[in-house]
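Colleague: Please find one structure pasted underneath; my questions will follow.
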Amino acid sequence: MFLKKKETKENRFCIAIFTEKEMSDEEYDYQSNKILDATEENVVVVTEIEPQKEMIEELQNRFPDTNIEVPSYAVYNFDSVKLDEETKKMEKRNKWKKFFNNIHPDEYLIVEHKVMYDINQVLYYTKDINKVISYIHENKKQVKRNTNEKTL
């Protein structure tokens, strides 16, 4: 007998904290811990970013009815499949360095940052840290397509 069952999967997110200047370690720890503690395992990383003009323009295009200011927050979708693909592409470009296990860790960090904070992956923008947490709680479960499951 075959039954159709909906599979649920936990969404995972990356959070950007947009600031004018670098935050103190205490302030960064406070904000990132507040987000991470409240969202359990749904947040992969929290990063402090000083947005450049291009990034502000891209955010403005994605959220036309919102005034982009700092300090503020953005929630990005974390796509582990795309991260794996881009990492493999980078390793392929540096195949000799990969062969000798000589790819600098910064190369991996560049790929991670590029994938995690891709403007096409931004889902939500706000100036309120509590709204970030609420958004993640409301959107943490994603229903996947129906799957056929064999049962006896």
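Within each chain, counting starts at residue 1; across the structure tokens, chains are named A, B, ... in the order shown, with ligands numbered 1 upward in that order.
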Please identify every residue of segment 13-40 of chain A that has at least one atom no farther than 12 Å from an atom of segment 115-132 of chain A, counting only C-alpha atoms, and for each give the shortest atom pair and the distance in Å to one decimal, arranged by chain then increasing number, as CSV.
Modeller:
```
residue,atom,partner,partner_atom,distance
A:Phe13,CA,A:Met116,CA,8.6
A:Cys14,CA,A:Met116,CA,6.5
A:Ile15,CA,A:Val132,CA,8.5
A:Ala16,CA,A:Tyr117,CA,7.9
A:Ile17,CA,A:Ile129,CA,9.2
A:Phe18,CA,A:Lys127,CA,9.3
A:Thr19,CA,A:Lys127,CA,10.9
A:Tyr30,CA,A:Ile129,CA,11.2
A:Gln31,CA,A:Ile129,CA,7.9
A:Ser32,CA,A:Ile129,CA,9.8
A:Asn33,CA,A:Ile129,CA,11.4
A:Lys34,CA,A:Ile129,CA,8.6
A:Ile35,CA,A:Ile129,CA,7.7
A:Leu36,CA,A:Val132,CA,10.9
A:Ala38,CA,A:Asn130,CA,9.6
A:Thr39,CA,A:Val132,CA,9.6
```
Colleague: Taking only segment 19-124 of chain A into account, list the residues labelled helix (DSSP H, G or I) by DSSP (computed from the backbone), as a count of residues only.
Modeller: 59
Colleague: From the options A:Met55, A:Lys97, A:Asn139, A:Phe78, which residue's atoms come nearest to Val43 of chain A, counting only C-alpha atoms?
Modeller: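 Closest candidate: A:Phe78.
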Colleague: Using only C-alpha atoms, which of the listed residues (A:Asn11, A:Ile110, A:Ile136, A:His104) sits closest to Ser80 of chain A?
Modeller: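 Closest residue, counting only C-alpha atoms: A:Asn11.
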Colleague: Excluding same-chain residues fewer than 2 positions from Lys21 of chain A, what lies within 10 Å of it counting only C-alpha atoms, as a PyMOL selection string?
Modeller: chain A and resi 18-19+23-24+48-51+70-71
Colleague: Per DSSP on the backbone, filter chain A down to the residues in strand (DSSP E or B) and report them as an MDAnalysis selection string.
Modeller: chainID A and resid 2:10 13:18 43:49 72:77 122:126 141:150
Colleague: What would the file look like if the residues just selected were written as an mmCIF file, in the first residue's frame with C-alpha atoms?
Modeller:
```cif
data_model
loop_
_atom_site.group_PDB
_atom_site.id
_atom_site.type_symbol
_atom_site.label_atom_id
_atom_site.label_comp_id
_atom_site.auth_asym_id
_atom_site.auth_seq_id
_atom_site.Cartn_x
_atom_site.Cartn_y
_atom_site.Cartn_z
ATOM 1 C CA PHE A 2 1.312 3.440 -0.924
ATOM 2 C CA LEU A 3 0.492 6.521 1.052
ATOM 3 C CA LYS A 4 1.353 10.076 0.197
ATOM 4 C CA LYS A 5 3.022 11.837 3.045
ATOM 5 C CA LYS A 6 4.114 15.445 3.217
ATOM 6 C CA GLU A 7 7.699 15.811 4.275
ATOM 7 C CA THR A 8 8.653 18.792 6.371
ATOM 8 C CA LYS A 9 12.114 20.203 6.446
ATOM 9 C CA GLU A 10 13.556 22.869 8.675
ATOM 10 C CA PHE A 13 18.859 31.077 7.584
ATOM 11 C CA CYS A 14 21.786 33.484 7.621
ATOM 12 C CA ILE A 15 21.386 36.804 9.397
ATOM 13 C CA ALA A 16 23.133 40.018 8.412
ATOM 14 C CA ILE A 17 23.474 42.795 10.956
ATOM 15 C CA PHE A 18 23.971 46.007 8.974
ATOM 16 C CA VAL A 43 20.218 30.103 11.991
ATOM 17 C CA VAL A 44 23.508 28.976 10.488
ATOM 18 C CA VAL A 45 25.467 32.182 10.956
ATOM 19 C CA VAL A 46 25.092 35.800 12.067
ATOM 20 C CA THR A 47 27.428 38.239 10.331
ATOM 21 C CA GLU A 48 28.071 41.914 10.855
ATOM 22 C CA ILE A 49 28.180 43.770 7.522
ATOM 23 C CA SER A 72 19.181 46.998 10.585
ATOM 24 C CA TYR A 73 18.886 43.273 9.894
ATOM 25 C CA ALA A 74 18.287 41.011 6.923
ATOM 26 C CA VAL A 75 17.333 37.361 6.846
ATOM 27 C CA TYR A 76 18.802 35.279 4.023
ATOM 28 C CA ASN A 77 17.896 31.762 2.969
ATOM 29 C CA VAL A 122 17.331 37.758 0.968
ATOM 30 C CA LEU A 123 13.904 37.031 2.435
ATOM 31 C CA TYR A 124 13.230 39.705 5.017
ATOM 32 C CA TYR A 125 14.507 43.115 6.105
ATOM 33 C CA THR A 126 13.787 44.971 9.339
ATOM 34 C CA LYS A 141 9.150 24.796 8.692
ATOM 35 C CA GLN A 142 9.010 24.251 4.961
ATOM 36 C CA VAL A 143 6.644 21.706 3.499
ATOM 37 C CA LYS A 144 8.236 19.730 0.718
ATOM 38 C CA ARG A 145 6.406 17.972 -2.086
ATOM 39 C CA ASN A 146 4.368 14.889 -1.449
ATOM 40 C CA THR A 147 6.502 11.778 -1.359
ATOM 41 C CA ASN A 148 5.455 8.197 -1.899
ATOM 42 C CA GLU A 149 6.131 6.108 1.129
ATOM 43 C CA LYS A 150 5.732 2.384 1.222
#
```
Colleague: State, in Å with one decimal place, the distance from atom CA of Glu85 of chain A to atom CA of Phe100 of chain A.
Modeller: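 Distance reported for this atom pair: 20.7 Å.
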